[in-house]
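S.K.: For reference, this is start18.cif, and it has mmCIF, C-alpha atoms and all ligand atoms.
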```
data_coords
loop_
_atom_site.label_atom_id
_atom_site.label_comp_id
_atom_site.auth_asym_id
_atom_site.auth_seq_id
_atom_site.Cartn_x
_atom_site.Cartn_y
_atom_site.Cartn_z
CA MET A 14 0.00 0.00 0.00
CA LYS A 15 0.98 3.66 -0.24
CA ALA A 16 1.64 5.62 2.95
CA VAL A 17 3.10 9.01 3.78
CA VAL A 18 5.91 8.44 6.29
CA TYR A 19 8.48 10.43 8.24
CA ALA A 20 11.36 9.43 10.51
CA ARG A 21 12.43 12.72 12.13
CA TYR A 22 10.72 15.87 13.32
CA GLY A 23 10.71 18.70 10.81
CA GLY A 24 8.68 20.59 8.22
CA PRO A 25 6.57 19.04 5.43
CA GLY A 26 9.83 18.31 3.56
CA VAL A 27 10.59 15.35 5.87
CA LEU A 28 7.48 13.51 4.65
CA ARG A 29 7.68 11.05 1.77
CA LEU A 30 5.22 8.84 -0.06
CA THR A 31 6.34 5.22 0.05
CA ASP A 32 5.22 1.64 -0.59
CA THR A 33 4.82 -0.53 2.45
CA ASP A 34 3.06 -3.73 3.53
CA ILE A 35 -0.65 -3.66 4.27
CA PRO A 36 -0.89 -4.16 8.05
CA VAL A 37 -2.51 -7.33 9.39
CA PRO A 38 -5.27 -6.79 11.97
CA GLY A 39 -4.47 -8.29 15.37
CA ASP A 40 -6.81 -9.51 18.05
CA GLY A 41 -9.76 -7.11 18.34
CA GLN A 42 -8.51 -4.99 15.44
CA VAL A 43 -10.14 -3.96 12.20
CA LEU A 44 -8.30 -3.26 8.94
CA VAL A 45 -9.80 -0.09 7.49
CA GLN A 46 -9.35 0.97 3.89
CA VAL A 47 -8.97 4.71 4.40
CA ARG A 48 -11.12 6.93 2.18
CA ALA A 49 -10.78 10.30 3.88
CA VAL A 50 -8.60 11.81 6.62
CA SER A 51 -9.11 15.26 8.05
CA LEU A 52 -6.12 17.25 9.25
CA ASN A 53 -5.81 18.66 12.75
CA ALA A 54 -3.37 21.07 14.33
CA SER A 55 -2.10 18.03 16.24
CA ASP A 56 -0.80 16.52 12.94
CA TRP A 57 1.19 19.68 12.28
CA GLU A 58 2.47 19.77 15.85
CA VAL A 59 3.55 16.10 15.88
CA LEU A 60 5.18 16.52 12.46
CA ARG A 61 7.38 19.33 13.75
CA GLY A 62 7.69 18.17 17.36
CA LYS A 63 6.55 21.61 18.52
CA PRO A 64 5.18 22.55 21.06
CA LEU A 65 7.15 20.22 23.31
CA TYR A 66 4.05 18.36 24.50
CA SER A 67 3.73 16.93 20.98
CA ARG A 68 6.89 14.85 21.70
CA ILE A 69 5.24 12.81 24.46
CA GLY A 70 6.17 9.23 23.61
CA GLY A 71 8.96 10.29 21.24
CA PRO A 72 11.26 12.96 22.72
CA PHE A 73 13.94 12.70 20.00
CA ARG A 74 12.27 10.85 17.12
CA PRO A 75 8.62 10.45 16.21
CA ARG A 76 6.97 7.50 17.90
CA HIS A 77 4.60 6.93 14.97
CA HIS A 78 5.88 7.18 11.43
CA VAL A 79 2.55 7.78 9.72
CA LEU A 80 0.47 10.77 10.86
CA GLY A 81 -3.27 11.28 10.38
CA SER A 82 -5.79 10.61 13.10
CA ASP A 83 -9.34 11.45 12.02
CA ILE A 84 -10.24 8.79 9.50
CA ALA A 85 -13.26 7.44 7.64
CA GLY A 86 -13.30 4.42 5.36
CA ARG A 87 -14.47 0.89 4.75
CA VAL A 88 -13.72 -2.27 6.72
CA ALA A 89 -11.43 -4.46 4.60
CA ALA A 90 -10.79 -7.29 7.08
CA THR A 91 -11.26 -8.09 10.75
CA GLY A 92 -8.97 -9.73 13.30
CA ARG A 93 -9.94 -12.35 15.86
CA ASN A 94 -12.67 -11.45 18.36
CA VAL A 95 -14.05 -8.58 16.31
CA THR A 96 -17.79 -8.73 16.83
CA ARG A 97 -19.09 -5.26 16.02
CA PHE A 98 -17.90 -4.85 12.42
CA LYS A 99 -17.65 -6.87 9.23
CA SER A 100 -16.01 -6.35 5.84
CA GLY A 101 -17.76 -3.68 3.83
CA ASP A 102 -18.98 -1.60 6.81
CA ASP A 103 -18.40 2.14 6.58
CA VAL A 104 -16.66 3.40 9.72
CA PHE A 105 -14.92 6.43 11.19
CA ALA A 106 -12.57 6.96 14.13
CA ASP A 107 -10.20 9.22 15.99
CA ILE A 108 -6.88 7.34 16.22
CA LEU A 109 -4.76 10.12 17.74
CA SER A 110 -3.04 7.73 20.14
CA SER A 111 -1.75 5.44 17.37
CA MET A 112 -2.05 7.62 14.21
CA GLY A 113 -1.52 6.06 10.76
CA GLY A 114 -4.32 7.68 8.73
CA PHE A 115 -2.15 9.01 5.88
CA ALA A 116 -2.10 5.57 4.26
CA GLU A 117 -4.33 3.38 2.14
CA TYR A 118 -4.97 1.02 5.06
CA VAL A 119 -4.72 1.24 8.82
CA CYS A 120 -5.49 -1.16 11.68
CA VAL A 121 -7.81 0.24 14.33
CA PRO A 122 -9.05 -1.34 17.59
CA GLN A 123 -12.75 -2.06 17.17
CA ALA A 124 -13.51 -0.04 20.32
CA ALA A 125 -12.29 3.13 18.57
CA LEU A 126 -14.55 2.67 15.54
CA ALA A 127 -18.12 3.76 14.94
CA PRO A 128 -20.35 3.37 11.90
CA VAL A 129 -20.39 6.39 9.58
CA PRO A 130 -23.59 8.18 10.63
CA ASP A 131 -26.51 8.08 8.19
CA GLY A 132 -26.34 10.75 5.54
CA LEU A 133 -22.68 11.65 6.07
CA THR A 134 -20.03 11.26 3.40
CA TYR A 135 -16.56 9.90 4.23
CA GLU A 136 -15.23 13.47 4.16
CA GLN A 137 -17.91 14.74 6.51
CA ALA A 138 -17.37 11.87 8.94
CA ALA A 139 -13.58 12.31 8.89
CA ALA A 140 -13.95 16.02 9.65
CA LEU A 141 -15.80 15.48 12.91
CA PRO A 142 -13.85 13.52 15.53
CA GLN A 143 -11.12 15.66 17.11
CA ALA A 144 -12.42 19.11 16.25
CA GLY A 145 -15.96 18.08 17.15
CA ALA A 146 -14.99 16.61 20.51
CA ILE A 147 -13.02 19.74 21.45
CA ALA A 148 -15.90 22.03 20.51
CA LEU A 149 -18.59 19.91 22.13
CA GLN A 150 -16.77 19.60 25.43
CA GLY A 151 -15.47 23.16 25.36
CA ILE A 152 -18.82 24.79 24.68
CA ARG A 153 -21.37 22.37 26.11
CA ASP A 154 -20.08 19.79 28.59
CA THR A 155 -17.42 21.80 30.42
CA GLY A 156 -18.11 25.30 29.10
CA ARG A 157 -21.83 24.97 29.93
CA VAL A 158 -22.75 27.93 27.76
CA ARG A 159 -26.20 29.38 28.41
CA PRO A 160 -28.35 31.85 26.45
CA GLY A 161 -27.20 35.42 26.65
CA GLN A 162 -23.67 34.63 27.80
CA LYS A 163 -20.67 36.24 26.20
CA VAL A 164 -18.30 33.66 24.73
CA LEU A 165 -14.92 34.31 23.17
CA ILE A 166 -13.28 31.65 21.00
CA ASN A 167 -9.59 32.28 20.50
CA GLY A 168 -8.59 30.50 17.29
CA GLY A 169 -12.23 30.47 16.15
CA GLY A 170 -11.43 30.18 12.44
CA GLY A 171 -9.69 26.79 12.60
CA GLY A 172 -11.05 23.24 12.72
CA SER A 173 -12.34 23.14 16.30
CA GLY A 174 -13.25 26.81 16.19
CA MET A 175 -15.56 26.18 13.25
CA TYR A 176 -17.73 23.85 15.36
CA ALA A 177 -17.27 25.85 18.58
CA VAL A 178 -18.59 29.09 17.04
CA GLN A 179 -21.68 27.27 15.72
CA LEU A 180 -22.34 25.43 18.99
CA ALA A 181 -22.01 28.63 21.04
CA LYS A 182 -24.49 30.40 18.74
CA LEU A 183 -26.90 27.46 18.98
CA ALA A 184 -26.67 27.73 22.77
CA GLY A 185 -27.82 31.35 22.48
CA ALA A 186 -24.52 33.04 23.31
CA GLU A 187 -23.08 36.26 21.97
CA VAL A 188 -19.93 35.05 20.26
CA THR A 189 -16.62 36.77 19.63
CA GLY A 190 -14.20 34.96 17.33
CA VAL A 191 -10.48 35.75 17.36
CA ASP A 192 -8.16 34.65 14.59
CA ASN A 193 -5.93 35.97 11.83
CA ALA A 194 -7.21 38.55 9.32
CA GLU A 195 -7.80 35.93 6.60
CA LYS A 196 -10.39 34.16 8.77
CA LEU A 197 -12.54 37.02 10.04
CA ALA A 198 -15.19 36.79 7.31
CA PHE A 199 -15.24 33.02 7.74
CA MET A 200 -16.01 33.31 11.46
CA ARG A 201 -18.79 35.78 10.70
CA SER A 202 -20.25 33.35 8.16
CA LEU A 203 -20.45 30.75 10.97
CA GLY A 204 -22.42 33.17 13.12
CA ALA A 205 -19.81 35.07 15.17
CA ASP A 206 -21.24 38.42 16.32
CA GLN A 207 -17.85 40.09 16.71
CA VAL A 208 -14.52 39.19 15.22
CA ILE A 209 -11.02 40.25 16.23
CA ASP A 210 -7.79 40.04 14.26
CA TYR A 211 -5.29 38.83 16.84
CA ALA A 212 -2.40 40.57 15.10
CA ARG A 213 -4.08 43.96 15.46
CA LYS A 214 -6.00 43.82 18.72
CA ASP A 215 -5.41 42.10 22.03
CA PHE A 216 -8.76 40.90 23.37
CA THR A 217 -7.38 40.77 26.91
CA THR A 218 -7.02 44.56 26.96
CA ASN A 219 -10.22 45.67 25.22
CA GLY A 220 -12.14 46.22 28.46
CA ARG A 221 -14.68 43.44 27.77
CA ALA A 222 -15.31 40.45 30.02
CA TYR A 223 -16.50 37.03 28.87
CA ASP A 224 -18.41 34.23 30.59
CA LEU A 225 -16.33 31.71 28.66
CA ILE A 226 -13.02 31.99 26.88
CA LEU A 227 -12.29 28.85 24.88
CA ASP A 228 -8.61 29.08 23.99
CA LEU A 229 -7.54 26.97 21.04
CA ALA A 230 -4.33 28.98 20.66
CA GLY A 231 -3.17 29.99 24.16
CA HIS A 232 0.07 31.93 24.05
CA ARG A 233 -0.33 34.49 26.85
CA PRO A 234 0.68 34.37 30.50
CA ALA A 235 -2.25 32.84 32.41
CA LEU A 236 -2.66 36.02 34.45
CA ALA A 237 -3.38 38.02 31.28
CA TYR A 238 -6.82 36.40 30.96
CA LYS A 239 -8.03 37.40 34.40
CA GLY A 240 -9.21 40.91 33.46
CA SER A 241 -11.29 39.72 30.49
CA LEU A 242 -12.96 36.91 32.39
CA ARG A 243 -16.11 36.81 34.47
CA GLY A 244 -16.55 33.04 34.26
CA ARG A 245 -14.43 30.25 32.90
CA TYR A 246 -11.25 30.13 30.80
CA LEU A 247 -10.43 26.81 29.13
CA TYR A 248 -6.99 26.18 27.62
CA VAL A 249 -7.14 23.66 24.78
CA GLY A 250 -3.90 24.17 22.85
CA GLY A 251 -1.07 26.67 22.43
CA SER A 252 2.29 27.17 24.10
CA VAL A 253 3.75 24.94 26.79
CA ALA A 254 4.51 28.02 28.92
CA THR A 255 0.81 28.93 28.97
CA LEU A 256 -0.17 25.30 29.62
CA LEU A 257 2.15 25.06 32.63
CA GLN A 258 0.91 28.34 34.07
CA VAL A 259 -2.71 27.29 33.60
CA LEU A 260 -1.98 24.03 35.42
CA LEU A 261 0.16 25.49 38.21
CA ILE A 262 -1.32 28.89 39.00
CA GLY A 263 -4.60 28.82 37.03
CA PRO A 264 -6.60 27.41 39.96
CA LEU A 265 -5.44 30.32 42.16
CA ILE A 266 -6.08 33.17 39.72
CA GLY A 267 -9.36 34.99 40.35
CA ARG A 268 -10.60 32.30 42.69
CA ALA A 269 -12.07 34.84 45.09
CA GLU A 270 -14.16 36.38 42.27
CA GLY A 271 -15.43 32.97 41.09
CA LYS A 272 -13.24 32.93 37.97
CA LYS A 273 -11.88 29.62 36.76
CA ILE A 274 -8.74 29.17 34.66
CA ARG A 275 -8.31 25.54 33.69
CA LEU A 276 -7.04 23.06 31.10
CA LEU A 277 -9.71 21.34 29.03
CA ALA A 278 -8.51 17.74 28.88
CA VAL A 279 -10.59 16.55 25.95
CA ARG A 280 -12.02 13.02 25.98
CA LEU A 281 -11.35 11.95 22.41
CA GLY A 282 -13.25 9.25 20.56
CA THR A 283 -16.31 8.82 18.39
CA GLN A 284 -18.35 7.67 21.40
CA HIS A 285 -18.43 11.28 22.61
CA LEU A 286 -19.75 12.72 19.36
CA ALA A 287 -23.40 11.64 19.39
CA PRO A 288 -24.88 15.10 20.23
CA LEU A 289 -22.83 16.71 17.48
CA VAL A 290 -23.82 14.07 14.93
CA GLU A 291 -27.50 14.65 15.79
CA LEU A 292 -27.14 18.39 15.26
CA TYR A 293 -25.34 17.69 12.02
CA GLN A 294 -28.01 15.33 10.74
CA ALA A 295 -30.69 17.86 11.71
CA GLY A 296 -28.92 20.47 9.60
CA LYS A 297 -28.19 22.70 12.59
CA ILE A 298 -24.43 22.69 12.20
CA THR A 299 -22.28 22.29 9.17
CA THR A 300 -18.71 21.38 8.24
CA VAL A 301 -16.84 23.69 5.95
CA ILE A 302 -14.16 21.84 4.00
CA ASP A 303 -11.78 24.51 2.86
CA ARG A 304 -9.52 22.34 0.69
CA ARG A 305 -9.21 18.78 -0.49
CA TYR A 306 -5.96 16.99 -1.31
CA GLY A 307 -4.84 13.54 -2.47
CA LEU A 308 -2.54 11.22 -0.49
CA ARG A 309 0.59 12.29 -2.36
CA GLU A 310 -0.25 15.92 -1.52
CA VAL A 311 -0.19 15.43 2.28
CA PRO A 312 2.92 17.66 2.66
CA GLU A 313 1.16 20.53 0.86
CA ALA A 314 -2.02 19.95 2.85
CA LEU A 315 -0.12 20.10 6.15
CA ARG A 316 1.76 23.18 5.04
CA TYR A 317 -1.51 24.92 4.15
CA LEU A 318 -2.91 24.12 7.60
CA GLY A 319 0.29 24.87 9.49
CA GLU A 320 0.85 28.21 7.81
CA GLY A 321 -2.56 29.30 9.00
CA HIS A 322 -4.61 29.50 5.81
CA ALA A 323 -7.22 26.82 6.50
CA LYS A 324 -10.71 28.10 7.19
CA GLY A 325 -12.50 25.14 8.72
CA LYS A 326 -11.24 21.70 7.75
CA VAL A 327 -8.69 20.38 5.29
CA VAL A 328 -9.36 16.83 4.06
CA VAL A 329 -7.14 14.29 2.31
CA ASN A 330 -9.04 11.88 0.07
CA VAL A 331 -7.38 8.49 -0.31
CA ASP A 332 -8.34 6.69 -3.50
N1 LIG A 401 -6.61 19.81 25.38
C1 LIG A 401 -6.77 18.67 24.72
O1 LIG A 401 -7.14 17.64 25.30
C2 LIG A 401 -6.52 18.61 23.24
C3 LIG A 401 -6.89 17.49 22.47
C4 LIG A 401 -6.66 17.50 21.11
C5 LIG A 401 -6.08 18.61 20.49
N2 LIG A 401 -5.71 19.69 21.26
C6 LIG A 401 -5.13 20.92 20.68
O2 LIG A 401 -6.18 21.75 20.24
C7 LIG A 401 -5.60 22.83 19.50
C8 LIG A 401 -6.57 23.44 18.49
O3 LIG A 401 -6.80 22.58 17.45
P1 LIG A 401 -7.49 22.98 16.05
O4 LIG A 401 -7.53 21.69 15.31
O5 LIG A 401 -8.72 23.77 16.23
O6 LIG A 401 -6.38 23.94 15.42
P2 LIG A 401 -6.41 24.81 14.08
O7 LIG A 401 -7.37 24.26 13.10
O8 LIG A 401 -4.99 25.01 13.65
O9 LIG A 401 -6.99 26.17 14.64
C9 LIG A 401 -6.28 27.01 15.51
C10 LIG A 401 -6.53 28.44 15.06
O10 LIG A 401 -5.92 29.35 15.95
C11 LIG A 401 -5.34 30.39 15.20
N3 LIG A 401 -4.31 31.08 15.97
C12 LIG A 401 -2.97 30.85 16.03
N4 LIG A 401 -2.38 31.72 16.88
C13 LIG A 401 -3.37 32.48 17.38
C14 LIG A 401 -3.39 33.53 18.32
N5 LIG A 401 -2.27 33.98 18.90
N6 LIG A 401 -4.57 34.09 18.63
C15 LIG A 401 -5.71 33.65 18.05
N7 LIG A 401 -5.77 32.65 17.14
C16 LIG A 401 -4.60 32.07 16.82
C17 LIG A 401 -4.81 29.67 13.99
O11 LIG A 401 -4.56 30.55 12.95
P3 LIG A 401 -3.04 30.88 12.44
O12 LIG A 401 -2.06 30.06 13.18
O13 LIG A 401 -3.04 30.45 11.12
O14 LIG A 401 -2.87 32.32 12.50
C18 LIG A 401 -5.97 28.73 13.68
O15 LIG A 401 -6.96 29.35 12.90
C19 LIG A 401 -4.28 22.24 18.97
O16 LIG A 401 -3.21 22.93 19.55
C20 LIG A 401 -4.27 20.79 19.46
O17 LIG A 401 -3.00 20.30 19.80
C21 LIG A 401 -5.93 19.70 22.60
#
```
In structure tokens, how does this file's structure come out?

M.R.:
Amino acid sequence: MKAVVYARYGGPGVLRLTDTDIPVPGDGQVLVQVRAVSLNASDWEVLRGKPLYSRIGGPFRPRHHVLGSDIAGRVAATGRNVTRFKSGDDVFADILSSMGGFAEYVCVPQAALAPVPDGLTYEQAAALPQAGAIALQGIRDTGRVRPGQKVLINGGGGGSGMYAVQLAKLAGAEVTGVDNAEKLAFMRSLGADQVIDYARKDFTTNGRAYDLILDLAGHRPALAYKGSLRGRYLYVGGSVATLLQVLLIGPLIGRAEGKKIRLLAVRLGTQHLAPLVELYQAGKITTVIDRRYGLREVPEALRYLGEGHAKGKVVVNVD
């Protein structure tokens, strides 16, 4: 089979398309013929080994040699003790812990797989897992957004931001999206009431306070968020310095005023996506696929995402 592999951390130039053996499904595993993979910031981070947390499991060299974690495709074979799936089933999964999606085939534990929901294409199913789980938990489960609240989504024009802006609007919030200038119109098209270009304005000094700040790109000192918060701040991704501060001093900042500064540790996996899938099937939220690429174009696709051009999702179709 064809797969896009890499052996050392670096830019898209370290990736190469190669021929390799089709993996054999082990006990409880399913061999999936990959049809679509959506890209996430985590692919870009684990490609480059930056921020440092992306090197967990492989401090000097990548632990997994094939990236790609949000997949959709068709069951090609099953290993022993697989009871929930059979050849020909259409499935999707988040395989962040093992990766391997940028290939024609990948083995996935059956517990990680779910049937492609009715009415969704492979591309639409592949777009959902990681970005959808972050948005769902950030806005609904942990963020607990209620009507009339003011919500700011930092990084609102990316993959998770695309769903988060829509979910916050559905919950009745007034939404501010922050991202680079290229993505302001995109965030408005998703329903954002206000948009801020992060290169021109610092939302932590604009005098406004938010009930929820969902931070998909946290790069400030944790203390900087205190003044613009009247509820909860959730760090999802960004710099290690911000992450450490959120973990170490976040619980102390603003405690007396009822403010909460915390890490959102996202529970990943298709089993957490049911509410999002329902909204999707009811036509209440949508996925915007900004660009589509083929397997041999994975380096370009990752570069496009990593350089900050992607509005919504980027999908690789594997034929
Ligand atoms: N906490 C958890 O459990 C967990 C689980 C999975 C993933 N993650 C993390 O979640 C993060 C977000 O993922 P994603 O897929 O939504 O990423 P994404 O699609 O790359 O979106 C992030 C957005 O933030 C923007 N951005 C960058 N710097 C910014 C800044 N200073 N201010 C405002 N916006 C900025 C980016 O634009 P430009 O860079 O182009 O300007 C991009 O539009 C990743 O870092 C990933 O590692 C966390």

S.K.: Please identify all polymer residues within 10 Å of Lys196 of chain A, counting all atoms listed in the file, omitting same-chain residues fewer than 6 positions from it, and present them as a list in words.

M.R.: Gly168, Gly169, Gly170, Gly171, Gly190, Ser202, Val208, Ile209, Asp210, Gly321, His322, Ala323, Lys324 and Gly325 of chain A

S.K.: Counting all atoms listed in the file, figure out which residue out of A:Leu60, A:Ala144, A:Leu286, A:Ala222 gets nearest to ligand LIG 401 (chain A).

M.R.: A:Ala144

S.K.: Kindly provide the residues of chain A that approach ligand LIG 401 (chain A) to within 8 Å, each paired with its closest atom pair and their distance in Å to one decimal, based on only C-alpha atoms and all ligand atoms, listed by chain and increasing number, as a Markdown table.

M.R.:
```
| residue | atom | partner | partner_atom | distance |
| --- | --- | --- | --- | --- |
| A:Leu52 | CA | A:LIG401 | O4 | 7.6 |
| A:Asn53 | CA | A:LIG401 | O4 | 4.3 |
| A:Ala54 | CA | A:LIG401 | O6 | 4.3 |
| A:Ser55 | CA | A:LIG401 | O17 | 4.3 |
| A:Glu58 | CA | A:LIG401 | O17 | 6.8 |
| A:Ser67 | CA | A:LIG401 | O17 | 7.6 |
| A:Gln143 | CA | A:LIG401 | C4 | 6.3 |
| A:Ala144 | CA | A:LIG401 | O4 | 5.6 |
| A:Ile147 | CA | A:LIG401 | C3 | 6.6 |
| A:Asn167 | CA | A:LIG401 | C15 | 4.8 |
| A:Gly168 | CA | A:LIG401 | O10 | 3.2 |
| A:Gly169 | CA | A:LIG401 | C10 | 6.1 |
| A:Gly170 | CA | A:LIG401 | O15 | 4.6 |
| A:Gly171 | CA | A:LIG401 | O9 | 3.4 |
| A:Gly172 | CA | A:LIG401 | O7 | 3.8 |
| A:Ser173 | CA | A:LIG401 | O5 | 3.7 |
| A:Gly174 | CA | A:LIG401 | O5 | 5.5 |
| A:Met175 | CA | A:LIG401 | O5 | 7.8 |
| A:Val191 | CA | A:LIG401 | C15 | 5.3 |
| A:Asp192 | CA | A:LIG401 | N7 | 4.0 |
| A:Asn193 | CA | A:LIG401 | O14 | 4.8 |
| A:Lys196 | CA | A:LIG401 | O15 | 7.2 |
| A:Asp210 | CA | A:LIG401 | C15 | 7.7 |
| A:Tyr211 | CA | A:LIG401 | N6 | 5.1 |
| A:Ala212 | CA | A:LIG401 | N5 | 7.6 |
| A:Leu229 | CA | A:LIG401 | C8 | 4.5 |
| A:Ala230 | CA | A:LIG401 | C13 | 4.9 |
| A:Gly231 | CA | A:LIG401 | N5 | 6.7 |
| A:His232 | CA | A:LIG401 | N5 | 6.0 |
| A:Tyr248 | CA | A:LIG401 | N1 | 6.8 |
| A:Val249 | CA | A:LIG401 | N1 | 3.9 |
| A:Gly250 | CA | A:LIG401 | O16 | 3.6 |
| A:Gly251 | CA | A:LIG401 | O16 | 5.2 |
| A:Leu276 | CA | A:LIG401 | N1 | 6.6 |
| A:Leu277 | CA | A:LIG401 | N1 | 5.0 |
| A:Ala278 | CA | A:LIG401 | O1 | 3.8 |
| A:Val279 | CA | A:LIG401 | O1 | 3.7 |
| A:Arg280 | CA | A:LIG401 | O1 | 6.8 |
| A:Leu281 | CA | A:LIG401 | C3 | 7.1 |
| A:Leu318 | CA | A:LIG401 | O8 | 6.5 |
| A:Gly319 | CA | A:LIG401 | O13 | 6.7 |
| A:Glu320 | CA | A:LIG401 | O13 | 5.6 |
| A:Gly321 | CA | A:LIG401 | O13 | 2.5 |
| A:His322 | CA | A:LIG401 | O13 | 5.6 |
| A:Ala323 | CA | A:LIG401 | O15 | 6.9 |
| A:Lys324 | CA | A:LIG401 | O15 | 6.9 |
| A:Gly325 | CA | A:LIG401 | O7 | 6.8 |
| A:Lys326 | CA | A:LIG401 | O7 | 7.1 |
```

S.K.: Could you state the separation of atom CA of Tyr66 of chain A and atom CA of Ile262 of chain A in Å, given to one decimal place?

M.R.: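 Interatomic distance here is 18.7 Å.
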
S.K.: Considering only C-alpha atoms, return as a list in words whatever protein or nucleic-acid residues lie within 9 Å of Val259 of chain A, sequence-local ones (same chain, fewer than 5 positions apart) excluded.

M.R.: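 Counting only C-alpha atoms, the residues come to Pro234, Ala235, Leu236, Leu247, Tyr248, Ala254, Pro264, Ile274, Arg275 and Leu276 of chain A.
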
S.K.: Please export segment 215-226 of chain A as a compact mmCIF listing (two decimals), in the first residue's frame, restricted to N, CA and C atoms.

M.R.:
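So the final result, stored in out.txt, reads:
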```
# COMPACT_ATOMS: atom_id res chain seq x y z
N ASP A 215 -5.56 43.08 20.96
CA ASP A 215 -5.41 42.10 22.03
C ASP A 215 -6.72 42.06 22.82
N PHE A 216 -7.44 40.94 22.73
CA PHE A 216 -8.76 40.90 23.37
C PHE A 216 -8.67 40.98 24.89
N THR A 217 -7.48 40.73 25.44
CA THR A 217 -7.38 40.77 26.91
C THR A 217 -7.26 42.21 27.43
N THR A 218 -7.14 43.16 26.50
CA THR A 218 -7.02 44.56 26.96
C THR A 218 -8.11 45.44 26.36
N ASN A 219 -9.19 44.83 25.86
CA ASN A 219 -10.22 45.67 25.22
C ASN A 219 -11.34 46.09 26.18
N GLY A 220 -11.17 45.76 27.46
CA GLY A 220 -12.14 46.22 28.46
C GLY A 220 -13.39 45.36 28.55
N ARG A 221 -13.49 44.30 27.71
CA ARG A 221 -14.68 43.44 27.77
C ARG A 221 -14.40 42.21 28.62
N ALA A 222 -15.48 41.67 29.21
CA ALA A 222 -15.31 40.45 30.02
C ALA A 222 -16.24 39.37 29.48
N TYR A 223 -15.77 38.15 29.49
CA TYR A 223 -16.50 37.03 28.87
C TYR A 223 -16.85 35.96 29.91
N ASP A 224 -18.01 35.33 29.69
CA ASP A 224 -18.41 34.23 30.59
C ASP A 224 -17.56 32.99 30.30
N LEU A 225 -17.19 32.84 29.03
CA LEU A 225 -16.33 31.71 28.66
C LEU A 225 -15.31 32.16 27.64
N ILE A 226 -14.06 31.85 27.91
CA ILE A 226 -13.02 31.99 26.88
C ILE A 226 -12.54 30.59 26.55
```
